[in-house]
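Engineer: Please find one structure pasted underneath; my questions will follow.
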Amino acid sequence: MNQKNIRVRFAPSPTGPLHIGGVRTALYNYLFAKKNGGKFILRIEDTDQTRFVPGAEDYILEAFDWCGIEFDEGVSKGGPFGPYKQSERKNLYKAYADELIAKGYAYYAFDTAEELAHLRKQYEAEKKTFTYNAAVRQNLNNSLALPAEKTQRLLDDKTPYVIRFKMPDDRMVRMNDLIRGAVEVNADVLDDKILFKSDGMPTYHLANVVDDHLMEISHVIRGEEWLPSMPLHILLYEAFGWEAPEFAHLPLLLKPDGKGKLSKRDGDRLGFPVFPLQWRDPKTGETTRGYREDGYFPEAFINMLALLGWNPGDEREIFSLDELAEVFSIERVGKSGSRFDPEKARWFNHQYMMKMDDEDLADLFLPVLVEKGYMTDRDFIVEVIGLVKDRAHFVHELWEQSDFFFKAPDEFDPKAVKKRWKTNSYDQINELKEVLTAIDDFSSENVEAVVKAWIEEKEYGLGAVLNAFRLVIVGALKGPHLFDIVALLGQEETLRRLEIGLHELGRKES
RNA sequence: GGUCCGUUCGUCUAGCCAGGUCAGGACGCCAGGUUUUCAUCCUGGUAACACGGGUUCAAAUCCCGUACGGACUACCA
């Protein structure tokens with residue numbers, strides 16, 4: 001009874017394309033909400049005007065749309081707690097900062113960025129770390145150190161200032177993380193973080209806490225990089241007299257090799273996407289590949305991401321989004337970072353490829369065929385897909401697995417020719433032509449039966465004839481069951497290819 | 001440097017909380033099988049508890065330390 005409503009949020013900053021680590025964070029939030037009958041909110045955290053990138057917000061929306069992740073509330077969706085973009089909530093944060101000052105939990109600071117940078121350098125030269133905290137704040141340019149009249153004069157003169165949190169100097173902050181358990185930090189190693197910037201915008205810390213409270217967020221599920229600021233946030237809730245949400249800090253996604261977290265460079269270097277969608281940088285015009293454009297199915301992409309850091313506790317690996325939502329639990333999220341494995345990503349896509357309906361695949365394959373200039377009967381395409389889809393990892397690989405269904409070979413693989421086009425091949429294929437011409441029922445089974453009977457009767461080698469046969473039909477020693485191919489191609493086309501093959505390959509002299 | 005978090009096959013991981021199984025599965029890799037071919041597929045194999053102490057009859061599992069890795073340490077999020 002009385003259990004708080006579950007409300008979680010994903011709060012990206014629109015500074016560029018969404019990294020797959022971000023997608024995974026959003027996914028876990030989504031799954032947690034769905035599993036617990038809660039709400040999932042999308043909030044845009046654009047309090048840093050200098051880092052705004054045009055198109056980034058649309059990218060985020062489009063990426064989730066592609067993934068099939070839906071929000072209950074948020075930008076472009078609306079909801080009772082809007083607006084959901086922090087720049088549109090700008091005028092509401094200052095009052096909260098003022099409240100903290102009034103209660104003695106925060107103060108004005110007039111130090112310039114240059115002064116602080118200088119101080120940091122000085123400390124560094126002495127091999128010390130500069131921390132803006134209780135130990136030094138009395139010697140700096142702020143409302144705690146200055147006489148009240150001086151502070152008031154600076155304020156009246158419109159001197160630029162920031163508002164800092166007054167970090168307690170002797171206080172053990174005890175916290176709980178849903179994934180890591182108890183965590184405790186002594187506040188005296190923390191610094192007086194800026195809550196409100198001189199440009200009139202709040203920093204992440206203030207905006208995040210205020211909005212999470214106002215939006216009645218029950219669980220904050222976010223990346224591990226936020227773990228070090230959890231004490232600040234807890235203290236902020238405390239200062240406001242608000243009940244803090246539960247926290248869960250997700251482990252990072254790591255590079256496939258070497259050390260460190262997965263970055264865009266790793267994708268470029270190793271040849272796999274790091275972003276869900278292709279992204280064109282508006283400044284440089286540089287284009288970065290995406291999972292969608294690389295041919296991944298959104299279902300496979302999501303499935304792969306979900307299993308990176310979470311597992312169901314049994315040996316299942318293939319899950320739809322709905323199935324994930326049913327079995328997901330935050331307790332089963334691992335503590336350690338997960339190395340991203342591009343090979344396994346491919347494997348997931350292959351699993352979905354094989355499961356996918358031939359008709360649906362035909363819809364996806366059709367544009368590829370049109371582009372190649374082979375517009376064919378749709379039923380034919382569906383048949384082809386049924387024969388080759390198990391062999392491909394991606395839709396675009398369907399073409400290399402099936403090109404011979406759409407055109408007679410324009411060249412014959414030299415290695416295959418050397419291996420399988422022997423002295424007597426010409427005569428045998430020529431004779432096969434007669435055999436095939438005489439067949440009325442050109443079904444796979446019947447052609448196979450007739451051809452095999454003929455080979456047996458003539459005592460030709462099965463492998464010799466069939467491989468030469470495949471060579472002239474396909475152009476290489478590859479592809480599905482040969483008789484399935486010729487049945488689908490039809491009698492006329494099969495005979496035509498035999499003709500072409502005989503002409504091109506000719507009689508091999510011994 | 002400081003703070004915090006982490007560490008089971010090459011990789012993703014189960015097992016740890018409630019110590020007792022040849023440490024299980026998947027990807028990859030290797031071998032065999034199926035196939036007239038290639039791919040798929042099937043079967044089998046390969047391979048791990050970071051290290052050192054302690055507690056205990058018994059430690060991957062609990063405790064301490066060490067090493068290594070990571071994140072954070074901005075008027076960025």
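By convention in this document, the chains of the structure tokens carry letters A, B, ... by their order, each chain's residues are numbered from 1, and ligands are numbered from 1 in the order they are shown.
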Neighbours of segment 229-240 of chain A within 9 Å (only C-alpha atoms (C1' of nucleotides); same-chain residues fewer than 3 positions away dropped), as a list in words?

Structural biologist: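 Those residues are Tyr96, Glu99, Leu100, Lys103, Tyr105, Phe165, Met167, Val173, Arg174, Met175, Glu184, Val185, Asn186, Ala187, Leu190, Lys193, His205, Leu206, Asn208, Val209, Val210, His213, Glu225, Trp226, Glu243, Ala244, Pro245 and Phe247 of chain A; C72 of chain B.
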
Engineer: Chain B near chain A within 8 Å: what's each residue's closest atom pair and its distance in Å to one decimal, counting only C-alpha atoms (C1' of nucleotides), ordered by chain then ascending residue number, as a Markdown table?

Structural biologist:
```
| residue | atom | partner | partner_atom | distance |
| --- | --- | --- | --- | --- |
| B:G1 | C1' | A:Lys127 | CA | 7.3 |
| B:G2 | C1' | A:Thr129 | CA | 7.5 |
| B:U3 | C1' | A:Val189 | CA | 6.9 |
| B:C4 | C1' | A:Pro228 | CA | 6.0 |
| B:C5 | C1' | A:Leu227 | CA | 8.0 |
| B:G6 | C1' | A:Ser336 | CA | 5.4 |
| B:U7 | C1' | A:Ser336 | CA | 7.9 |
| B:U11 | C1' | A:Asp341 | CA | 6.4 |
| B:C12 | C1' | A:Leu308 | CA | 6.6 |
| B:U13 | C1' | A:Asn311 | CA | 7.6 |
| B:A14 | C1' | A:Gly313 | CA | 6.6 |
| B:G25 | C1' | A:Glu315 | CA | 5.8 |
| B:A26 | C1' | A:Glu317 | CA | 7.8 |
| B:C27 | C1' | A:Lys344 | CA | 5.3 |
| B:G28 | C1' | A:Glu343 | CA | 7.7 |
| B:U36 | C1' | A:Gly463 | CA | 4.6 |
| B:U37 | C1' | A:Leu477 | CA | 4.6 |
| B:C38 | C1' | A:Lys478 | CA | 4.0 |
| B:A39 | C1' | A:Arg391 | CA | 5.2 |
| B:U40 | C1' | A:Arg391 | CA | 5.3 |
| B:G69 | C1' | A:Lys259 | CA | 7.7 |
| B:G70 | C1' | A:Gly260 | CA | 6.7 |
| B:A71 | C1' | A:Glu225 | CA | 5.2 |
| B:C72 | C1' | A:Pro228 | CA | 5.6 |
| B:C75 | C1' | A:Lys197 | CA | 4.8 |
| B:C76 | C1' | A:Asp48 | CA | 7.1 |
| B:A77 | C1' | A:Ser13 | CA | 6.3 |
```

Engineer: List the spatial neighbours of U43 of chain B as a ChimeraX atom specification - criterion: any atom at most 12 Å away, only C-alpha atoms (C1' of nucleotides), same-chain residues fewer than 3 positions off excluded.

Structural biologist: /B:31-34

Engineer: What's around Tyr426 of chain A at 8 Å? Count only C-alpha atoms (C1' of nucleotides), leave out sequence neighbours fewer than 5 positions away in its own chain, and write the answer as a list in words.

Structural biologist: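 Contacts, in chain order: Trp421, Leu502, Gly506, Arg507 and Lys508 of chain A.
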
Engineer: Would you mind writing down, as a list in words, each residue of segment 263-463 of chain A that DSSP on the backbone assigns to strand (DSSP E or B)?

Structural biologist: Phe275, Trp279, Arg280, Thr287, Thr288, Gly290, Trp310, Val333, Ser338 and Arg339 of chain A

Engineer: Next, the residues of the selection above should be written as a CSV table (one decimal), in the first residue's frame with all heavy atoms.

Structural biologist:
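Produced file result.csv, reproduced below:
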```
chain,number,residue,atom,x,y,z
A,275,PHE,N,26.5,5.0,-32.8
A,275,PHE,CA,25.3,5.7,-32.6
A,275,PHE,C,24.1,5.0,-33.3
A,275,PHE,O,24.3,4.2,-34.2
A,275,PHE,CB,25.4,7.1,-33.3
A,275,PHE,CG,26.6,7.9,-32.7
A,275,PHE,CD1,27.7,8.1,-33.5
A,275,PHE,CD2,26.5,8.5,-31.5
A,275,PHE,CE1,28.8,8.8,-32.9
A,275,PHE,CE2,27.5,9.2,-30.9
A,275,PHE,CZ,28.7,9.4,-31.7
A,279,TRP,N,24.5,10.3,-38.3
A,279,TRP,CA,24.5,11.7,-37.9
A,279,TRP,C,25.4,12.6,-38.7
A,279,TRP,O,26.6,12.2,-39.0
A,279,TRP,CB,25.0,11.8,-36.4
A,279,TRP,CG,25.4,13.2,-35.9
A,279,TRP,CD1,26.6,13.7,-35.8
A,279,TRP,CD2,24.5,14.2,-35.5
A,279,TRP,NE1,26.6,15.0,-35.3
A,279,TRP,CE2,25.3,15.3,-35.1
A,279,TRP,CE3,23.1,14.3,-35.5
A,279,TRP,CZ2,24.7,16.5,-34.7
A,279,TRP,CZ3,22.5,15.5,-35.0
A,279,TRP,CH2,23.3,16.6,-34.6
A,280,ARG,N,24.9,13.7,-39.1
A,280,ARG,CA,25.7,14.6,-39.9
A,280,ARG,C,26.0,15.8,-39.1
A,280,ARG,O,25.1,16.5,-38.7
A,280,ARG,CB,25.0,15.0,-41.2
A,280,ARG,CG,25.9,15.8,-42.2
A,280,ARG,CD,25.2,16.0,-43.5
A,280,ARG,NE,26.0,16.8,-44.4
A,280,ARG,CZ,26.1,18.1,-44.3
A,280,ARG,NH1,25.4,18.8,-43.3
A,280,ARG,NH2,26.8,18.8,-45.1
A,287,THR,N,30.0,13.0,-41.6
A,287,THR,CA,28.9,12.0,-41.4
A,287,THR,C,29.4,10.8,-40.6
A,287,THR,O,30.4,10.3,-40.9
A,287,THR,CB,28.3,11.6,-42.7
A,287,THR,OG1,27.8,12.7,-43.4
A,287,THR,CG2,27.1,10.6,-42.5
A,288,THR,N,28.6,10.4,-39.6
A,288,THR,CA,29.0,9.3,-38.7
A,288,THR,C,27.9,8.2,-38.9
A,288,THR,O,26.7,8.5,-38.9
A,288,THR,CB,29.0,9.7,-37.3
A,288,THR,OG1,29.8,10.9,-37.2
A,288,THR,CG2,29.7,8.6,-36.4
A,290,GLY,N,25.4,5.0,-38.5
A,290,GLY,CA,24.5,4.6,-37.4
A,290,GLY,C,24.0,3.1,-37.6
A,290,GLY,O,24.2,2.5,-38.7
A,310,TRP,N,23.0,-6.4,-18.4
A,310,TRP,CA,21.8,-7.0,-17.7
A,310,TRP,C,21.6,-8.4,-18.2
A,310,TRP,O,22.0,-8.7,-19.4
A,310,TRP,CB,20.6,-6.2,-17.9
A,310,TRP,CG,19.3,-6.8,-17.4
A,310,TRP,CD1,18.8,-6.7,-16.2
A,310,TRP,CD2,18.5,-7.7,-18.2
A,310,TRP,NE1,17.6,-7.5,-16.1
A,310,TRP,CE2,17.4,-8.1,-17.3
A,310,TRP,CE3,18.5,-8.2,-19.5
A,310,TRP,CZ2,16.4,-9.0,-17.7
A,310,TRP,CZ3,17.5,-9.1,-19.9
A,310,TRP,CH2,16.4,-9.4,-19.0
A,333,VAL,N,21.0,-5.9,-12.9
A,333,VAL,CA,22.0,-5.2,-13.7
A,333,VAL,C,23.4,-5.3,-13.0
A,333,VAL,O,23.5,-5.3,-11.8
A,333,VAL,CB,21.7,-3.7,-13.7
A,333,VAL,CG1,22.7,-2.8,-14.4
A,333,VAL,CG2,20.3,-3.5,-14.4
A,338,SER,N,30.8,-3.1,-19.3
A,338,SER,CA,30.7,-4.1,-20.3
A,338,SER,C,31.4,-3.7,-21.5
A,338,SER,O,31.2,-2.6,-22.1
A,338,SER,CB,29.2,-4.4,-20.6
A,338,SER,OG,28.5,-4.6,-19.5
A,339,ARG,N,32.3,-4.6,-21.9
A,339,ARG,CA,33.0,-4.3,-23.2
A,339,ARG,C,32.1,-4.6,-24.3
A,339,ARG,O,31.4,-5.6,-24.4
A,339,ARG,CB,34.2,-5.3,-23.3
A,339,ARG,CG,35.5,-4.7,-23.6
A,339,ARG,CD,36.5,-5.8,-23.6
A,339,ARG,NE,37.4,-5.6,-22.5
A,339,ARG,CZ,38.5,-4.8,-22.6
A,339,ARG,NH1,38.7,-4.1,-23.7
A,339,ARG,NH2,39.3,-4.7,-21.7
```

Engineer: I'd like the contact shell of U66 of chain B - 12 Å cut-off, only C-alpha atoms (C1' of nucleotides), skipping same-chain residues fewer than 6 positions apart - returned as JSON, numbers by chain.

Structural biologist: {"B": [50, 51, 52, 53]}

Engineer: Keeping only C-alpha atoms (C1' of nucleotides), write the selected residues as a short mmCIF file (atom, residue, chain, number, x, y, z; two decimals), in the first residue's frame.

Structural biologist:
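So the final result, stored in selection_31.cif, reads:
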```cif
data_model
loop_
_atom_site.label_atom_id
_atom_site.label_comp_id
_atom_site.auth_asym_id
_atom_site.auth_seq_id
_atom_site.Cartn_x
_atom_site.Cartn_y
_atom_site.Cartn_z
"C1'" A B 50 43.39 -10.69 -10.60
"C1'" C B 51 46.94 -11.59 -6.42
"C1'" G B 52 48.09 -12.24 -1.09
"C1'" G B 53 46.42 -12.98 3.70
#
```

Engineer: May I have the residues within 12 Å of G20 of chain B as a list of chain:residue names, using only C-alpha atoms (C1' of nucleotides) and disregarding those fewer than 5 positions away in the same chain?

Structural biologist: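 Here the answer would be B:U56, B:C57, B:A58, B:A59, B:U61.
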
Engineer: What parts of segment 258-442 of chain A does DSSP call helix (DSSP H, G or I)? I'd like the answer as an MDAnalysis selection string.

Structural biologist: chainID A and resid 264:270 298:306 321:327 330:332 342:355 358:372 378:391 397:406 414:420 425:437

Engineer: Rounded to one decimal, what separation in Å do you get between atom CA of Asp403 of chain A and atom CA of Leu361 of chain A?

Structural biologist: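 Those two atoms sit 15.7 Å apart.
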
Engineer: What does the structure give for the distance between atom CA of Met215 of chain A and atom CA of Glu73 of chain A, in Å to one decimal?

Structural biologist: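 Between these atoms lies a distance of 10.2 Å.
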
Engineer: With only C-alpha atoms as the atoms that count, which of A:Leu495, A:Ile69, A:Ala487, A:Leu18 lies nearest to Ser263 of chain A?

Structural biologist: A:Leu18

Engineer: Using only C-alpha atoms (C1' of nucleotides), find the one residue out of B:C41, B:C29, B:C64, B:C49 that sits nearest to G10 of chain B.

Structural biologist: B:C29

Engineer: What's the 10 Å shell around C9 of chain B, counting only C-alpha atoms (C1' of nucleotides), without same-chain residues fewer than 4 positions away, as number ranges by chain?

Structural biologist: B: 46-49

Engineer: With C-alpha atoms (C1' of nucleotides) retained, could you export that selection as a JSON list (two decimals), in the first residue's frame?

Structural biologist:
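This is the output file selection-v7.json:
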```json
[["chain", "number", "residue", "atom", "x", "y", "z"],
["B", 46, "U", "C1'", 39.12, -24.72, -26.37],
["B", 47, "A", "C1'", 39.21, -21.37, -22.34],
["B", 48, "A", "C1'", 38.11, -18.04, -16.34],
["B", 49, "C", "C1'", 37.17, -17.29, -10.26]]
```

Engineer: Distance atom CA of Tyr374 of chain A-atom CA of Lys355 of chain A, one decimal place?

Structural biologist: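 Separation between atom CA of Tyr374 of chain A and atom CA of Lys355 of chain A: 25.5 Å.
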